[in-house]
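File shown: structure_3.pdb. Contents: PDB, C-alpha atoms and all ligand atoms.
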ATOM      1  CA  MET A 173     -74.612  59.836 -33.897  1.00  0.00           C
ATOM      2  CA  THR A 174     -73.553  56.271 -34.450  1.00  0.00           C
ATOM      3  CA  ASP A 175     -70.704  56.966 -36.817  1.00  0.00           C
ATOM      4  CA  THR A 176     -68.005  56.486 -34.210  1.00  0.00           C
ATOM      5  CA  ASN A 177     -66.515  53.162 -33.349  1.00  0.00           C
ATOM      6  CA  ARG A 178     -64.428  51.989 -30.489  1.00  0.00           C
ATOM      7  CA  CYS A 179     -61.056  50.331 -30.763  1.00  0.00           C
ATOM      8  CA  LEU A 180     -61.601  46.666 -30.104  1.00  0.00           C
ATOM      9  CA  VAL A 181     -58.270  46.437 -28.308  1.00  0.00           C
ATOM     10  CA  CYS A 182     -57.920  49.566 -26.151  1.00  0.00           C
ATOM     11  CA  ALA A 183     -61.578  50.760 -26.326  1.00  0.00           C
ATOM     12  CA  LYS A 184     -60.511  54.227 -27.459  1.00  0.00           C
ATOM     13  CA  ASP A 185     -63.320  56.282 -29.041  1.00  0.00           C
ATOM     14  CA  GLY A 186     -63.096  57.106 -32.719  1.00  0.00           C
ATOM     15  CA  ALA A 187     -63.693  55.781 -36.201  1.00  0.00           C
ATOM     16  CA  PHE A 188     -61.006  53.249 -36.956  1.00  0.00           C
ATOM     17  CA  GLU A 189     -60.533  51.115 -39.989  1.00  0.00           C
ATOM     18  CA  GLY A 190     -61.268  47.529 -39.073  1.00  0.00           C
ATOM     19  CA  GLY A 191     -62.348  48.612 -35.607  1.00  0.00           C
ATOM     20  CA  ILE A 192     -58.777  48.870 -34.327  1.00  0.00           C
ATOM     21  CA  CYS A 193     -56.833  52.106 -33.802  1.00  0.00           C
ATOM     22  CA  ASP A 194     -53.518  52.732 -35.517  1.00  0.00           C
ATOM     23  CA  LEU A 195     -51.527  52.233 -32.325  1.00  0.00           C
ATOM     24  CA  CYS A 196     -53.036  48.847 -31.592  1.00  0.00           C
ATOM     25  CA  LYS A 197     -52.646  47.901 -35.242  1.00  0.00           C
ATOM     26  CA  ALA A 198     -48.934  48.636 -34.992  1.00  0.00           C
ATOM     27  CA  ILE A 199     -48.653  46.613 -31.791  1.00  0.00           C
ATOM     28  CA  ILE A 200     -50.478  43.672 -33.328  1.00  0.00           C
ATOM     29  CA  ARG A 201     -48.266  43.864 -36.391  1.00  0.00           C
ATOM     30  CA  GLY A 202     -45.175  43.953 -34.225  1.00  0.00           C
ATOM     31  CA  GLU A 203     -46.340  40.966 -32.260  1.00  0.00           C
ATOM     32  CA  ALA A 204     -47.031  39.067 -35.444  1.00  0.00           C
ATOM     33  CA  LEU A 205     -43.490  39.766 -36.604  1.00  0.00           C
ATOM     34  CA  GLU A 206     -42.057  38.701 -33.272  1.00  0.00           C
ATOM     35  CA  HIS A 207     -43.964  35.463 -33.515  1.00  0.00           C
ATOM     36  CA  GLN A 208     -42.319  34.751 -36.836  1.00  0.00           C
ATOM     37  CA  HIS A 209     -38.940  35.386 -35.262  1.00  0.00           C
ATOM     38  CA  GLN A 210     -39.804  33.058 -32.415  1.00  0.00           C
ATOM     39  CA  ILE A 211     -40.610  30.268 -34.842  1.00  0.00           C
ATOM     40  CA  ARG A 212     -37.282  30.745 -36.574  1.00  0.00           C
ATOM     41  CA  LYS A 213     -35.490  30.780 -33.240  1.00  0.00           C
ATOM     42  CA  ASP A 214     -37.191  27.549 -32.212  1.00  0.00           C
ATOM     43  CA  ALA A 215     -36.164  25.901 -35.460  1.00  0.00           C
ATOM     44  CA  ASP A 216     -32.596  27.040 -34.872  1.00  0.00           C
ATOM     45  CA  HIS A 217     -32.640  25.613 -31.360  1.00  0.00           C
ATOM     46  CA  SER A 218     -33.774  22.174 -32.463  1.00  0.00           C
ATOM     47  CA  LEU A 219     -31.104  22.158 -35.129  1.00  0.00           C
ATOM     48  CA  HIS A 220     -28.419  23.016 -32.596  1.00  0.00           C
ATOM     49  CA  LYS A 221     -29.756  20.403 -30.203  1.00  0.00           C
ATOM     50  CA  GLU A 222     -29.553  17.713 -32.845  1.00  0.00           C
ATOM     51  CA  GLY A 223     -26.075  18.825 -33.719  1.00  0.00           C
ATOM     52  CA  THR A 224     -24.829  18.528 -30.134  1.00  0.00           C
ATOM     53  CA  ASP A 225     -26.530  15.182 -29.663  1.00  0.00           C
ATOM     54  CA  LEU A 226     -24.890  13.784 -32.750  1.00  0.00           C
ATOM     55  CA  GLY A 227     -21.532  15.202 -31.717  1.00  0.00           C
ATOM     56  CA  LYS A 228     -21.803  13.564 -28.305  1.00  0.00           C
ATOM     57  CA  LYS A 229     -22.698  10.205 -29.781  1.00  0.00           C
ATOM     58  CA  ARG A 230     -19.950  10.379 -32.356  1.00  0.00           C
ATOM     59  CA  GLY A 231     -17.363  11.769 -29.959  1.00  0.00           C
ATOM     60  CA  GLY A 232     -18.205   9.165 -27.322  1.00  0.00           C
TER      61      GLY A 232
HETATM   62 ZN    ZN B   1     -56.489  50.758 -29.764  1.00  0.00          ZN
END

Go through the file and emit its structure as structure tokens.
Ligand SMILES: [Zn+2]
Amino acid sequence: MTDTNRCLVCAKDGAFEGGICDLCKAIIRGEALEHQHQIRKDADHSLHKEGTDLGKKRGG
């Protein structure tokens, strides 16, 4: 029988849609979301940095 696949991520046996099991799919989705958060956090940081720099210069 060659109807079974293996999860590409955890190598678990079974027929999975897209070759990835539900658990790994959820993990990948979660990671993708976290990445988006990280980008937003980074943007926030640079904004704050600029703000402090300007304040320092202005405040003297
Ligand atoms: Zn898996």

Counting only C-alpha atoms and all ligand atoms, the residue of A:Leu205, A:Ile192, A:Ala187, A:Ile200 that sits nearest ligand ZN 1 (chain B): A:Ile192

Counting all atoms listed in the file, what are the residues of chain A within 12 Å of ligand ZN 1 (chain B), and for each of them which pair of atoms is the nearest and at what distance in Å, to one decimal? Sort the table by chain and rising number, as CSV.
residue,atom,partner,partner_atom,distance
A:Asn177,CA,B:ZN1,ZN,10.9
A:Arg178,CA,B:ZN1,ZN,8.1
A:Cys179,CA,B:ZN1,ZN,4.7
A:Leu180,CA,B:ZN1,ZN,6.6
A:Val181,CA,B:ZN1,ZN,4.9
A:Cys182,CA,B:ZN1,ZN,4.1
A:Ala183,CA,B:ZN1,ZN,6.1
A:Lys184,CA,B:ZN1,ZN,5.8
A:Asp185,CA,B:ZN1,ZN,8.8
A:Gly186,CA,B:ZN1,ZN,9.6
A:Ala187,CA,B:ZN1,ZN,10.9
A:Phe188,CA,B:ZN1,ZN,8.9
A:Glu189,CA,B:ZN1,ZN,11.0
A:Gly190,CA,B:ZN1,ZN,11.0
A:Gly191,CA,B:ZN1,ZN,8.5
A:Ile192,CA,B:ZN1,ZN,5.4
A:Cys193,CA,B:ZN1,ZN,4.3
A:Asp194,CA,B:ZN1,ZN,6.8
A:Leu195,CA,B:ZN1,ZN,5.8
A:Cys196,CA,B:ZN1,ZN,4.3
A:Lys197,CA,B:ZN1,ZN,7.3
A:Ala198,CA,B:ZN1,ZN,9.4
A:Ile199,CA,B:ZN1,ZN,9.1
A:Ile200,CA,B:ZN1,ZN,10.0

With 3 Å on each side, where is the centre of the axis-aligned box around all listed atoms of segment 176-193 of chain A, and how long are its edges in Å to one decimal, as AutoDock Vina command-line options?
--center_x -62.4 --center_y 51.8 --center_z -33.1 --size_x 17.2 --size_y 16.7 --size_z 19.8
